[in-house]
Each structure stands twice: as structure tokens, then as C-alpha cells.
Amino acid sequence: MKESLKNSKTVYSNDFLMTRVDKELFNLFAEKPSSRWDAPYWKPKYDTLFKEIVKFYSVESLDKHIFSIDQGDVPRQAKGDKYVSKGIVFINVIDVVSTGISWANCKRIIVNHYKRIQRAEPKIGDLIFVRSGKGSIGKSTVFVGIPGEKEIGISGHLNTVRLKNINAYYVEMYLKSYFGQIQIERFESGTSQQTDFRQESFAAIKIPIIPDHIQSHIETEYKKTARYHDKAMEAKAEGNEVVYKKNIEKAETMLKELMVKTEAVIRGDRKDVI
């Protein structure tokens, strides 16, 4: 301690230092805004997130609307799994992009691997949520199908989420919004160096219950975006970079506009997304 303070202009006694440490600890416990004490990760911005929203809508946890959550698995050499040139489409983390599944780049797996993870196979209208992977946790999309493919496998870093009594397209736009992302940040920050977003954390995400007709309008607008995404993927598969870029940029712009409108509805600044 003396060595670290010898160049200081102020002379500190041991009693002063202990008092100072005690004071700083007291302030830390009293203010608590940037500390991590438990999984929910307390910060004032999290507590006030729904302060205004509850004036317009009721707020519920996603656990009330989850029918099932299933996780895939990566190829296991010990089980004879491997990637093949002709096989069943396999969705990895890298294939989950903002506008959907980048299926033009998807790898393929053998039938035995697919059968082992078939329970997690996404169906049209399911959410695909990235549950692990540095820098990727929280990415999501609604699965709208892959042209020409009936069987789909997913990686162990992904969850297939099947919902009930709520529109998956609304949930997807909500997860992409400020309200969804800040909650994902909250749970992800709850454990230092966390690389796995647990199912119970996903289920604990709170969501305002907006009217059904607005949720349906969000679905309609989202599907318009998905059409441009698929056109982009078809062009990418054909090696047409110009058409790919044109359509993917259109899809990204439309999706961002829909997200902004969805946030405005949630805040009470807008009556609908159309």
C-alpha cells in the first residue's frame, strides 16, 4: 500500500483508507445501478421499462404463451453425424439473419442426425431463437419455411419456440424492439461471461398484450418483408449478387420500419402499424 501511494501528494493513514473503502461499499450497495447481484441484473432502466406502457396494455411474461421450447444439436462424430453435400437442411447460428433464415448458405446433414433432433424441427410460425454463441445471443426470426424443403434440422445453439394465444410475428418484432432487446441484455448480463441464454430467462421476458387485430396486421406486414427476403435468397443461390443485394436491402428497410411502428404502438404513440 505504501509503495502505491508514495508518489501521491496527499498522505493517507490506514484508518482513512479503511473508512474510504467502507464508504465506497456503502455507496455501491445504496446505488446499485451498475452492479450484478443476481440473474435478473438490476438497473433502474429495467424497473422503469414498462412504467408508461401499463397505462395502455396489460403486461405478461412469455411463459404464459409458450407451448414448447426445444433445442437442436450439432453434428456428433461419435454418433456418426457429418455434413454432406446432399441431405437435410441444417440451420446454424450464422444462418439466422435479421430478415429470416439465410437458407442459400445452409449446410446439410444426414438422416440419422435429423432423426435425433427431429423434436426441435421448426414448423411455419415457430420462432427460432439463438440461445448461445458470443455476440449472437438474442437473434431471432419467425420460421416461414424454406422453398422445396420439408425436413429441417437446427443446431444446438438454437431453440425452436412454439407459442400459444399470442401471434409469433408480433413476438418476433417485439424481441427485435428496444423493449425486447433490453430485457435480453438484462438476463444475458446477469451472469458474468454468460454464453447461454436459458429457457427460463426467455420465458421470463415480459411483453405487453396489444389487441389481436394489431398483432394480425404485424403478421401481414412481416410476411411482405419475408417475400423480399426469399427473393434475395433465391438470387444468392443463383449467384446473382445484384438482385440479392437489392432485395435484401428492401427486406431490411421494411423490417426496420415495421419495428419502429410496433414500438410506437407499444408506447401509445400510434394506433396501428398500418
# chains A, B, ... in the order shown; residues from 1 in each chain; ligands from 1
$ residues_around --residues "range 81-92 of chain A" --least-positions-apart "2" --cutoff "8 Å" --atoms "only C-alpha atoms" --output "list of chain:residue names"
A:Pro75, A:Arg76, A:Gln77, A:Ala78, A:Lys79, A:Ile94, A:Asp95, A:Val96, A:Ile101, A:Trp103, A:Cys106, A:Lys107, A:Arg108, A:Ile109, A:Ile110, A:Val111, A:Asn112, A:His113, A:Tyr114, A:Glu149, A:Glu151, A:Ile152, A:Gly153, A:Ile154, A:Ser155, A:His157, A:Leu158
$ residues_around --residues "Leu258 in chain A" --least-positions-apart "2" --cutoff "9 Å" --atoms "only C-alpha atoms" --output "MDAnalysis selection string"
chainID A and resid 173 218 221:222 253:256 260:263 273
$ select_by_dssp --residues "range 25-175 of chain A" --states "helix (DSSP H, G or I)" --output "ChimeraX atom specification"
/A:25-31,44-47,53-55,62-65,77-79,93-95,103-105,111-116,118-120,168-175
$ write_last_selection --atoms "N, CA and C atoms" --output "short mmCIF file (atom, residue, chain, number, x, y, z; two decimals), in the first residue's frame"
data_model
loop_
_atom_site.label_atom_id
_atom_site.label_comp_id
_atom_site.auth_asym_id
_atom_site.auth_seq_id
_atom_site.Cartn_x
_atom_site.Cartn_y
_atom_site.Cartn_z
N LEU A 25 -18.15 1.03 -0.47
CA LEU A 25 -19.02 -0.16 -0.45
C LEU A 25 -20.45 0.22 -0.10
N PHE A 26 -20.59 1.16 0.86
CA PHE A 26 -21.93 1.62 1.24
C PHE A 26 -22.62 2.27 0.04
N ASN A 27 -21.88 3.11 -0.67
CA ASN A 27 -22.46 3.78 -1.85
C ASN A 27 -22.86 2.77 -2.92
N LEU A 28 -22.04 1.73 -3.09
CA LEU A 28 -22.30 0.72 -4.09
C LEU A 28 -23.59 -0.03 -3.79
N PHE A 29 -23.77 -0.40 -2.52
CA PHE A 29 -24.98 -1.11 -2.13
C PHE A 29 -26.19 -0.19 -2.19
N ALA A 30 -25.99 1.08 -1.87
CA ALA A 30 -27.11 2.03 -1.84
C ALA A 30 -27.58 2.37 -3.25
N GLU A 31 -26.63 2.57 -4.17
CA GLU A 31 -27.00 3.00 -5.52
C GLU A 31 -27.25 1.81 -6.44
N PRO A 44 -31.89 0.59 -12.89
CA PRO A 44 -33.12 1.40 -12.91
C PRO A 44 -33.86 1.35 -14.23
N LYS A 45 -33.13 1.32 -15.35
CA LYS A 45 -33.80 1.34 -16.66
C LYS A 45 -34.67 0.11 -16.86
N TYR A 46 -34.32 -1.00 -16.19
CA TYR A 46 -35.14 -2.20 -16.32
C TYR A 46 -36.43 -2.06 -15.52
N ASP A 47 -36.33 -1.44 -14.35
CA ASP A 47 -37.51 -1.29 -13.49
C ASP A 47 -38.53 -0.33 -14.09
N ILE A 53 -46.02 1.98 -20.36
CA ILE A 53 -46.76 1.02 -21.17
C ILE A 53 -48.01 0.49 -20.46
N VAL A 54 -47.90 0.26 -19.15
CA VAL A 54 -49.04 -0.31 -18.42
C VAL A 54 -50.25 0.60 -18.41
N LYS A 55 -50.08 1.83 -18.86
CA LYS A 55 -51.23 2.74 -18.97
C LYS A 55 -52.12 2.32 -20.15
N LEU A 62 -43.67 -14.20 -21.02
CA LEU A 62 -43.82 -15.10 -22.16
C LEU A 62 -44.14 -16.54 -21.74
N ASP A 63 -43.84 -16.90 -20.49
CA ASP A 63 -44.10 -18.27 -20.07
C ASP A 63 -45.58 -18.64 -20.18
N LYS A 64 -46.45 -17.64 -20.14
CA LYS A 64 -47.89 -17.89 -20.29
C LYS A 64 -48.27 -18.23 -21.72
N HIS A 65 -47.34 -17.98 -22.63
CA HIS A 65 -47.64 -18.15 -24.06
C HIS A 65 -46.73 -19.15 -24.76
N GLN A 77 -19.56 -36.53 -33.93
CA GLN A 77 -18.75 -37.54 -34.64
C GLN A 77 -18.95 -38.92 -34.03
N ALA A 78 -19.08 -38.96 -32.70
CA ALA A 78 -19.25 -40.24 -32.01
C ALA A 78 -20.54 -40.95 -32.42
N LYS A 79 -21.52 -40.18 -32.89
CA LYS A 79 -22.80 -40.74 -33.32
C LYS A 79 -22.85 -40.93 -34.84
N VAL A 93 -26.32 -20.98 -36.29
CA VAL A 93 -26.45 -19.60 -35.79
C VAL A 93 -26.20 -18.59 -36.90
N ILE A 94 -25.18 -18.83 -37.70
CA ILE A 94 -24.79 -17.89 -38.75
C ILE A 94 -25.90 -17.72 -39.80
N ASP A 95 -26.80 -18.70 -39.88
CA ASP A 95 -27.86 -18.65 -40.87
C ASP A 95 -29.07 -17.82 -40.42
N TRP A 103 -31.10 -19.27 -46.04
CA TRP A 103 -31.10 -20.69 -46.42
C TRP A 103 -30.22 -21.00 -47.63
N ALA A 104 -29.85 -19.99 -48.38
CA ALA A 104 -28.97 -20.24 -49.53
C ALA A 104 -27.60 -20.76 -49.09
N ASN A 105 -27.23 -20.49 -47.83
CA ASN A 105 -25.91 -20.90 -47.32
C ASN A 105 -25.97 -22.08 -46.36
N VAL A 111 -29.57 -38.23 -42.48
CA VAL A 111 -30.89 -38.56 -41.94
C VAL A 111 -30.84 -38.93 -40.46
N ASN A 112 -29.84 -39.71 -40.05
CA ASN A 112 -29.76 -40.14 -38.65
C ASN A 112 -29.61 -38.97 -37.70
N HIS A 113 -28.83 -37.96 -38.10
CA HIS A 113 -28.69 -36.75 -37.28
C HIS A 113 -30.03 -36.03 -37.19
N TYR A 114 -30.70 -35.92 -38.31
CA TYR A 114 -32.01 -35.26 -38.33
C TYR A 114 -33.00 -35.96 -37.41
N LYS A 115 -33.03 -37.29 -37.46
CA LYS A 115 -33.97 -38.04 -36.62
C LYS A 115 -33.68 -37.83 -35.14
N ARG A 116 -32.41 -37.66 -34.82
CA ARG A 116 -32.02 -37.46 -33.42
C ARG A 116 -32.50 -36.12 -32.88
N GLN A 118 -35.15 -34.35 -34.36
CA GLN A 118 -36.42 -34.06 -35.04
C GLN A 118 -37.42 -33.34 -34.15
N ARG A 119 -37.33 -33.59 -32.87
CA ARG A 119 -38.27 -32.95 -31.94
C ARG A 119 -38.17 -31.43 -32.01
N ALA A 120 -36.99 -30.92 -32.33
CA ALA A 120 -36.78 -29.46 -32.38
C ALA A 120 -37.03 -28.89 -33.77
N ALA A 168 -46.95 -15.09 -33.14
CA ALA A 168 -45.50 -15.24 -33.16
C ALA A 168 -44.82 -14.09 -33.89
N TYR A 169 -45.50 -13.52 -34.89
CA TYR A 169 -44.91 -12.43 -35.67
C TYR A 169 -44.83 -11.16 -34.81
N TYR A 170 -45.81 -10.98 -33.95
CA TYR A 170 -45.75 -9.85 -33.01
C TYR A 170 -44.63 -10.07 -32.01
N VAL A 171 -44.53 -11.29 -31.48
CA VAL A 171 -43.46 -11.59 -30.51
C VAL A 171 -42.10 -11.36 -31.14
N GLU A 172 -41.94 -11.76 -32.40
CA GLU A 172 -40.67 -11.58 -33.09
C GLU A 172 -40.31 -10.10 -33.21
N MET A 173 -41.28 -9.28 -33.62
CA MET A 173 -41.00 -7.85 -33.74
C MET A 173 -40.74 -7.22 -32.37
N TYR A 174 -41.41 -7.74 -31.37
CA TYR A 174 -41.19 -7.25 -30.01
C TYR A 174 -39.77 -7.58 -29.54
N LEU A 175 -39.31 -8.80 -29.81
CA LEU A 175 -37.96 -9.20 -29.41
C LEU A 175 -36.90 -8.34 -30.09
#
$ closest_residue --among "A:Val142, A:Ile205, A:Ile274, A:Val97" --to "Phe50 in chain A" --atoms "only C-alpha atoms"
A:Ile205
$ closest_residue --among "A:Arg186, A:Arg198, A:Lys134, A:Lys176" --to "Asn159 in chain A" --atoms "only C-alpha atoms"
A:Arg198
$ closest_residue --among "A:Tyr178, A:Lys245, A:Asn167, A:Ala232" --to "His217 in chain A" --atoms "only C-alpha atoms"
A:Asn167
$ closest_residue --among "A:Glu241, A:Asp272, A:Glu249, A:Asp196" --to "Asp212 in chain A" --atoms "only C-alpha atoms"
A:Asp272
$ atom_distance --atom1 "CA of Glu238 in chain A" --atom2 "CA of Phe143 in chain A"
22.1 Å
$ atom_distance --atom1 "CA of Val74 in chain A" --atom2 "CA of Ser201 in chain A"
22.4 Å
$ atom_distance --atom1 "CA of Ser68 in chain A" --atom2 "CA of Gly148 in chain A"
26.0 Å
$ select_by_dssp --residues "range 34-202 of chain A" --states "strand (DSSP E or B)" --output "MDAnalysis selection string"
chainID A and resid 59:61 66:71 83:91 96:97 100:101 107:109 127:130 132 140:142 152:154 158:163 196
$ write_last_selection --atoms "N, CA and C atoms" --output "CSV table (one decimal), in the first residue's frame"
chain,number,residue,atom,x,y,z
A,59,VAL,N,-49.4,-6.4,-19.1
A,59,VAL,CA,-48.1,-6.9,-19.4
A,59,VAL,C,-48.0,-8.3,-18.8
A,60,GLU,N,-47.6,-9.3,-19.6
A,60,GLU,CA,-47.4,-10.7,-19.1
A,60,GLU,C,-46.1,-11.2,-19.5
A,61,SER,N,-45.7,-12.3,-18.8
A,61,SER,CA,-44.5,-13.0,-19.1
A,61,SER,C,-44.7,-14.0,-20.2
A,66,ILE,N,-45.9,-19.9,-24.0
A,66,ILE,CA,-45.0,-20.9,-24.6
A,66,ILE,C,-45.6,-22.2,-24.6
A,67,PHE,N,-45.8,-22.8,-25.7
A,67,PHE,CA,-46.3,-24.2,-25.8
A,67,PHE,C,-45.2,-25.2,-25.6
A,68,SER,N,-44.0,-24.9,-26.3
A,68,SER,CA,-42.9,-25.7,-26.1
A,68,SER,C,-41.6,-25.0,-26.5
A,69,ILE,N,-40.5,-25.4,-26.0
A,69,ILE,CA,-39.2,-24.9,-26.4
A,69,ILE,C,-38.3,-26.1,-26.5
A,70,ASP,N,-37.7,-26.3,-27.7
A,70,ASP,CA,-36.8,-27.4,-28.0
A,70,ASP,C,-35.5,-27.0,-28.6
A,71,GLN,N,-34.5,-27.7,-28.3
A,71,GLN,CA,-33.1,-27.4,-28.7
A,71,GLN,C,-32.6,-28.4,-29.6
A,83,TYR,N,-21.6,-33.4,-42.0
A,83,TYR,CA,-22.2,-32.6,-43.0
A,83,TYR,C,-22.0,-33.3,-44.4
A,84,VAL,N,-23.0,-33.2,-45.2
A,84,VAL,CA,-23.0,-33.8,-46.6
A,84,VAL,C,-23.4,-32.8,-47.6
A,85,SER,N,-23.1,-33.1,-48.9
A,85,SER,CA,-23.5,-32.1,-49.9
A,85,SER,C,-25.0,-32.2,-50.3
A,86,LYS,N,-25.5,-33.4,-50.1
A,86,LYS,CA,-26.9,-33.7,-50.4
A,86,LYS,C,-27.5,-34.3,-49.1
A,87,GLY,N,-28.4,-33.6,-48.5
A,87,GLY,CA,-29.0,-34.1,-47.3
A,87,GLY,C,-30.1,-33.2,-46.8
A,88,ILE,N,-30.3,-33.2,-45.5
A,88,ILE,CA,-31.4,-32.4,-44.9
A,88,ILE,C,-30.8,-31.0,-44.5
A,89,VAL,N,-31.6,-30.0,-44.8
A,89,VAL,CA,-31.1,-28.6,-44.5
A,89,VAL,C,-30.9,-28.5,-42.9
A,90,PHE,N,-29.8,-27.8,-42.6
A,90,PHE,CA,-29.4,-27.7,-41.2
A,90,PHE,C,-29.1,-26.2,-40.9
A,91,ILE,N,-29.9,-25.6,-40.0
A,91,ILE,CA,-29.8,-24.2,-39.6
A,91,ILE,C,-28.8,-24.0,-38.5
A,96,VAL,N,-29.1,-17.4,-39.1
A,96,VAL,CA,-30.2,-16.6,-38.6
A,96,VAL,C,-29.8,-15.2,-38.8
A,97,VAL,N,-30.4,-14.5,-39.8
A,97,VAL,CA,-30.1,-13.1,-40.0
A,97,VAL,C,-31.4,-12.3,-39.7
A,100,GLY,N,-34.6,-13.2,-41.7
A,100,GLY,CA,-35.1,-14.5,-41.8
A,100,GLY,C,-33.9,-15.5,-41.7
A,101,ILE,N,-34.1,-16.7,-42.4
A,101,ILE,CA,-33.1,-17.7,-42.5
A,101,ILE,C,-32.3,-17.5,-43.8
A,107,LYS,N,-25.9,-25.5,-44.4
A,107,LYS,CA,-25.3,-26.8,-44.6
A,107,LYS,C,-26.3,-27.9,-44.6
A,108,ARG,N,-25.9,-29.1,-44.8
A,108,ARG,CA,-26.9,-30.2,-44.8
A,108,ARG,C,-26.3,-31.4,-44.0
A,109,ILE,N,-27.3,-32.2,-43.4
A,109,ILE,CA,-26.9,-33.2,-42.5
A,109,ILE,C,-27.5,-34.6,-43.0
A,127,LEU,N,-40.9,-19.6,-33.7
A,127,LEU,CA,-39.8,-18.7,-33.5
A,127,LEU,C,-38.5,-19.6,-33.5
A,128,ILE,N,-37.5,-19.1,-34.1
A,128,ILE,CA,-36.1,-19.6,-34.0
A,128,ILE,C,-35.3,-18.6,-33.2
A,129,PHE,N,-34.8,-19.0,-32.0
A,129,PHE,CA,-34.1,-18.1,-31.1
A,129,PHE,C,-32.7,-18.6,-30.9
A,130,VAL,N,-31.7,-17.7,-31.0
A,130,VAL,CA,-30.3,-18.0,-30.8
A,130,VAL,C,-30.1,-18.0,-29.3
A,132,SER,N,-27.2,-19.4,-27.7
A,132,SER,CA,-25.8,-19.3,-27.2
A,132,SER,C,-24.9,-18.9,-28.4
A,140,SER,N,-33.1,-13.6,-33.6
A,140,SER,CA,-34.3,-14.5,-33.7
A,140,SER,C,-35.0,-14.2,-35.1
A,141,THR,N,-35.9,-15.1,-35.4
A,141,THR,CA,-36.7,-14.9,-36.6
A,141,THR,C,-37.9,-15.8,-36.5
A,142,VAL,N,-39.0,-15.5,-37.3
A,142,VAL,CA,-40.1,-16.4,-37.4
A,142,VAL,C,-39.8,-17.3,-38.6
A,152,ILE,N,-36.3,-30.1,-41.7
A,152,ILE,CA,-35.3,-29.1,-41.3
A,152,ILE,C,-34.7,-29.5,-40.0
A,153,GLY,N,-33.4,-29.3,-39.9
A,153,GLY,CA,-32.7,-29.6,-38.6
A,153,GLY,C,-32.2,-28.3,-38.1
A,154,ILE,N,-32.0,-28.2,-36.7
A,154,ILE,CA,-31.4,-26.9,-36.2
A,154,ILE,C,-30.2,-27.3,-35.2
A,158,LEU,N,-29.5,-23.2,-31.0
A,158,LEU,CA,-30.8,-22.6,-31.3
A,158,LEU,C,-31.9,-23.3,-30.6
A,159,ASN,N,-32.9,-22.5,-30.3
A,159,ASN,CA,-34.2,-23.0,-29.8
A,159,ASN,C,-35.3,-22.8,-30.7
A,160,THR,N,-36.2,-23.8,-30.9
A,160,THR,CA,-37.4,-23.7,-31.6
A,160,THR,C,-38.5,-23.4,-30.5
A,161,VAL,N,-39.1,-22.2,-30.7
A,161,VAL,CA,-40.2,-21.8,-29.7
A,161,VAL,C,-41.5,-21.9,-30.3
A,162,ARG,N,-42.4,-22.7,-29.8
A,162,ARG,CA,-43.8,-22.7,-30.3
A,162,ARG,C,-44.7,-22.0,-29.3
A,163,LEU,N,-45.5,-21.1,-29.8
A,163,LEU,CA,-46.3,-20.2,-28.9
A,163,LEU,C,-47.7,-20.5,-29.0
A,196,ASP,N,-24.9,-18.6,-22.6
A,196,ASP,CA,-26.1,-19.4,-22.8
A,196,ASP,C,-27.3,-18.7,-22.3
$ decode --residues "range 45-179 of chain A" --atoms "C-alpha atoms" --output "PDB file, in the first residue's frame"
ATOM      1  CA  LYS A  45     -33.803   1.342 -16.656  1.00  0.00           C
ATOM      2  CA  TYR A  46     -35.141  -2.199 -16.319  1.00  0.00           C
ATOM      3  CA  ASP A  47     -37.505  -1.286 -13.490  1.00  0.00           C
ATOM      4  CA  THR A  48     -38.977   1.651 -15.406  1.00  0.00           C
ATOM      5  CA  LEU A  49     -39.238  -0.146 -18.751  1.00  0.00           C
ATOM      6  CA  PHE A  50     -42.996  -0.683 -18.507  1.00  0.00           C
ATOM      7  CA  LYS A  51     -43.883   2.321 -16.385  1.00  0.00           C
ATOM      8  CA  GLU A  52     -45.674   4.088 -19.237  1.00  0.00           C
ATOM      9  CA  ILE A  53     -46.763   1.018 -21.173  1.00  0.00           C
ATOM     10  CA  VAL A  54     -49.035  -0.312 -18.417  1.00  0.00           C
ATOM     11  CA  LYS A  55     -51.233   2.735 -18.973  1.00  0.00           C
ATOM     12  CA  PHE A  56     -52.260   1.225 -22.312  1.00  0.00           C
ATOM     13  CA  TYR A  57     -51.827  -2.563 -22.092  1.00  0.00           C
ATOM     14  CA  SER A  58     -51.523  -5.392 -19.621  1.00  0.00           C
ATOM     15  CA  VAL A  59     -48.056  -6.936 -19.418  1.00  0.00           C
ATOM     16  CA  GLU A  60     -47.448 -10.678 -19.146  1.00  0.00           C
ATOM     17  CA  SER A  61     -44.454 -12.996 -19.075  1.00  0.00           C
ATOM     18  CA  LEU A  62     -43.820 -15.105 -22.157  1.00  0.00           C
ATOM     19  CA  ASP A  63     -44.100 -18.272 -20.065  1.00  0.00           C
ATOM     20  CA  LYS A  64     -47.887 -17.894 -20.286  1.00  0.00           C
ATOM     21  CA  HIS A  65     -47.641 -18.147 -24.056  1.00  0.00           C
ATOM     22  CA  ILE A  66     -45.025 -20.855 -24.600  1.00  0.00           C
ATOM     23  CA  PHE A  67     -46.334 -24.189 -25.813  1.00  0.00           C
ATOM     24  CA  SER A  68     -42.862 -25.709 -26.122  1.00  0.00           C
ATOM     25  CA  ILE A  69     -39.164 -24.878 -26.385  1.00  0.00           C
ATOM     26  CA  ASP A  70     -36.844 -27.422 -27.976  1.00  0.00           C
ATOM     27  CA  GLN A  71     -33.128 -27.367 -28.685  1.00  0.00           C
ATOM     28  CA  GLY A  72     -31.318 -28.962 -31.604  1.00  0.00           C
ATOM     29  CA  ASP A  73     -27.803 -30.388 -31.608  1.00  0.00           C
ATOM     30  CA  VAL A  74     -24.558 -30.018 -33.530  1.00  0.00           C
ATOM     31  CA  PRO A  75     -23.137 -32.952 -35.522  1.00  0.00           C
ATOM     32  CA  ARG A  76     -21.606 -35.529 -33.162  1.00  0.00           C
ATOM     33  CA  GLN A  77     -18.753 -37.536 -34.637  1.00  0.00           C
ATOM     34  CA  ALA A  78     -19.253 -40.245 -32.011  1.00  0.00           C
ATOM     35  CA  LYS A  79     -22.796 -40.742 -33.322  1.00  0.00           C
ATOM     36  CA  GLY A  80     -21.692 -40.812 -36.954  1.00  0.00           C
ATOM     37  CA  ASP A  81     -23.047 -37.322 -37.719  1.00  0.00           C
ATOM     38  CA  LYS A  82     -21.463 -35.311 -40.517  1.00  0.00           C
ATOM     39  CA  TYR A  83     -22.177 -32.594 -43.041  1.00  0.00           C
ATOM     40  CA  VAL A  84     -22.992 -33.788 -46.555  1.00  0.00           C
ATOM     41  CA  SER A  85     -23.497 -32.127 -49.924  1.00  0.00           C
ATOM     42  CA  LYS A  86     -26.939 -33.659 -50.383  1.00  0.00           C
ATOM     43  CA  GLY A  87     -29.031 -34.112 -47.284  1.00  0.00           C
ATOM     44  CA  ILE A  88     -31.387 -32.363 -44.908  1.00  0.00           C
ATOM     45  CA  VAL A  89     -31.119 -28.595 -44.452  1.00  0.00           C
ATOM     46  CA  PHE A  90     -29.423 -27.672 -41.173  1.00  0.00           C
ATOM     47  CA  ILE A  91     -29.781 -24.201 -39.644  1.00  0.00           C
ATOM     48  CA  ASN A  92     -26.774 -22.856 -37.744  1.00  0.00           C
ATOM     49  CA  VAL A  93     -26.447 -19.600 -35.791  1.00  0.00           C
ATOM     50  CA  ILE A  94     -24.795 -17.890 -38.748  1.00  0.00           C
ATOM     51  CA  ASP A  95     -27.864 -18.655 -40.873  1.00  0.00           C
ATOM     52  CA  VAL A  96     -30.180 -16.619 -38.624  1.00  0.00           C
ATOM     53  CA  VAL A  97     -30.130 -13.091 -40.043  1.00  0.00           C
ATOM     54  CA  SER A  98     -32.328 -10.083 -39.261  1.00  0.00           C
ATOM     55  CA  THR A  99     -34.808 -10.759 -42.067  1.00  0.00           C
ATOM     56  CA  GLY A 100     -35.088 -14.543 -41.762  1.00  0.00           C
ATOM     57  CA  ILE A 101     -33.079 -17.683 -42.474  1.00  0.00           C
ATOM     58  CA  SER A 102     -30.200 -17.318 -44.918  1.00  0.00           C
ATOM     59  CA  TRP A 103     -31.100 -20.685 -46.418  1.00  0.00           C
ATOM     60  CA  ALA A 104     -28.967 -20.240 -49.526  1.00  0.00           C
ATOM     61  CA  ASN A 105     -25.914 -20.900 -47.322  1.00  0.00           C
ATOM     62  CA  CYS A 106     -27.279 -23.624 -45.057  1.00  0.00           C
ATOM     63  CA  LYS A 107     -25.260 -26.803 -44.598  1.00  0.00           C
ATOM     64  CA  ARG A 108     -26.867 -30.238 -44.825  1.00  0.00           C
ATOM     65  CA  ILE A 109     -26.891 -33.236 -42.501  1.00  0.00           C
ATOM     66  CA  ILE A 110     -27.522 -36.971 -42.733  1.00  0.00           C
ATOM     67  CA  VAL A 111     -30.895 -38.556 -41.940  1.00  0.00           C
ATOM     68  CA  ASN A 112     -29.764 -40.143 -38.650  1.00  0.00           C
ATOM     69  CA  HIS A 113     -28.686 -36.753 -37.281  1.00  0.00           C
ATOM     70  CA  TYR A 114     -32.008 -35.255 -38.334  1.00  0.00           C
ATOM     71  CA  LYS A 115     -33.972 -38.039 -36.619  1.00  0.00           C
ATOM     72  CA  ARG A 116     -32.018 -37.464 -33.415  1.00  0.00           C
ATOM     73  CA  ILE A 117     -33.040 -33.774 -33.319  1.00  0.00           C
ATOM     74  CA  GLN A 118     -36.416 -34.058 -35.045  1.00  0.00           C
ATOM     75  CA  ARG A 119     -38.266 -32.948 -31.939  1.00  0.00           C
ATOM     76  CA  ALA A 120     -36.781 -29.465 -32.383  1.00  0.00           C
ATOM     77  CA  GLU A 121     -37.741 -29.213 -36.057  1.00  0.00           C
ATOM     78  CA  PRO A 122     -39.269 -25.765 -36.697  1.00  0.00           C
ATOM     79  CA  LYS A 123     -42.693 -25.529 -38.284  1.00  0.00           C
ATOM     80  CA  ILE A 124     -44.080 -22.496 -40.089  1.00  0.00           C
ATOM     81  CA  GLY A 125     -44.954 -19.873 -37.486  1.00  0.00           C
ATOM     82  CA  ASP A 126     -42.425 -21.045 -34.889  1.00  0.00           C
ATOM     83  CA  LEU A 127     -39.758 -18.733 -33.513  1.00  0.00           C
ATOM     84  CA  ILE A 128     -36.112 -19.646 -33.955  1.00  0.00           C
ATOM     85  CA  PHE A 129     -34.104 -18.059 -31.137  1.00  0.00           C
ATOM     86  CA  VAL A 130     -30.308 -18.023 -30.781  1.00  0.00           C
ATOM     87  CA  ARG A 131     -29.636 -19.238 -27.253  1.00  0.00           C
ATOM     88  CA  SER A 132     -25.825 -19.331 -27.249  1.00  0.00           C
ATOM     89  CA  GLY A 133     -22.790 -18.025 -29.069  1.00  0.00           C
ATOM     90  CA  LYS A 134     -20.727 -14.938 -28.335  1.00  0.00           C
ATOM     91  CA  GLY A 135     -22.236 -11.866 -29.972  1.00  0.00           C
ATOM     92  CA  SER A 136     -25.220 -13.823 -31.281  1.00  0.00           C
ATOM     93  CA  ILE A 137     -27.449 -14.412 -28.249  1.00  0.00           C
ATOM     94  CA  GLY A 138     -30.886 -12.915 -28.767  1.00  0.00           C
ATOM     95  CA  LYS A 139     -31.014 -13.091 -32.559  1.00  0.00           C
ATOM     96  CA  SER A 140     -34.334 -14.478 -33.714  1.00  0.00           C
ATOM     97  CA  THR A 141     -36.719 -14.937 -36.609  1.00  0.00           C
ATOM     98  CA  VAL A 142     -40.098 -16.427 -37.423  1.00  0.00           C
ATOM     99  CA  PHE A 143     -39.702 -19.570 -39.493  1.00  0.00           C
ATOM    100  CA  VAL A 144     -41.714 -19.130 -42.697  1.00  0.00           C
ATOM    101  CA  GLY A 145     -40.407 -22.225 -44.454  1.00  0.00           C
ATOM    102  CA  ILE A 146     -37.637 -22.909 -46.958  1.00  0.00           C
ATOM    103  CA  PRO A 147     -38.680 -23.390 -50.599  1.00  0.00           C
ATOM    104  CA  GLY A 148     -38.537 -27.030 -51.680  1.00  0.00           C
ATOM    105  CA  GLU A 149     -37.591 -28.345 -48.218  1.00  0.00           C
ATOM    106  CA  LYS A 150     -39.880 -30.428 -45.994  1.00  0.00           C
ATOM    107  CA  GLU A 151     -37.413 -31.533 -43.308  1.00  0.00           C
ATOM    108  CA  ILE A 152     -35.346 -29.066 -41.283  1.00  0.00           C
ATOM    109  CA  GLY A 153     -32.733 -29.568 -38.586  1.00  0.00           C
ATOM    110  CA  ILE A 154     -31.400 -26.949 -36.175  1.00  0.00           C
ATOM    111  CA  SER A 155     -28.154 -26.516 -34.264  1.00  0.00           C
ATOM    112  CA  GLY A 156     -27.771 -26.998 -30.525  1.00  0.00           C
ATOM    113  CA  HIS A 157     -27.171 -23.254 -30.266  1.00  0.00           C
ATOM    114  CA  LEU A 158     -30.768 -22.610 -31.319  1.00  0.00           C
ATOM    115  CA  ASN A 159     -34.177 -23.046 -29.754  1.00  0.00           C
ATOM    116  CA  THR A 160     -37.425 -23.678 -31.582  1.00  0.00           C
ATOM    117  CA  VAL A 161     -40.155 -21.840 -29.675  1.00  0.00           C
ATOM    118  CA  ARG A 162     -43.802 -22.739 -30.309  1.00  0.00           C
ATOM    119  CA  LEU A 163     -46.254 -20.200 -28.944  1.00  0.00           C
ATOM    120  CA  LYS A 164     -49.913 -20.206 -27.952  1.00  0.00           C
ATOM    121  CA  ASN A 165     -52.534 -17.476 -27.569  1.00  0.00           C
ATOM    122  CA  ILE A 166     -50.229 -14.844 -28.992  1.00  0.00           C
ATOM    123  CA  ASN A 167     -49.069 -14.054 -32.513  1.00  0.00           C
ATOM    124  CA  ALA A 168     -45.497 -15.236 -33.161  1.00  0.00           C
ATOM    125  CA  TYR A 169     -44.908 -12.426 -35.669  1.00  0.00           C
ATOM    126  CA  TYR A 170     -45.754  -9.851 -33.012  1.00  0.00           C
ATOM    127  CA  VAL A 171     -43.465 -11.590 -30.513  1.00  0.00           C
ATOM    128  CA  GLU A 172     -40.665 -11.576 -33.090  1.00  0.00           C
ATOM    129  CA  MET A 173     -40.997  -7.845 -33.744  1.00  0.00           C
ATOM    130  CA  TYR A 174     -41.193  -7.247 -30.010  1.00  0.00           C
ATOM    131  CA  LEU A 175     -37.957  -9.201 -29.408  1.00  0.00           C
ATOM    132  CA  LYS A 176     -36.244  -7.056 -32.049  1.00  0.00           C
ATOM    133  CA  SER A 177     -37.552  -3.844 -30.464  1.00  0.00           C
ATOM    134  CA  TYR A 178     -35.944  -1.797 -27.718  1.00  0.00           C
ATOM    135  CA  PHE A 179     -38.273  -3.405 -25.176  1.00  0.00           C
TER     136      PHE A 179
END
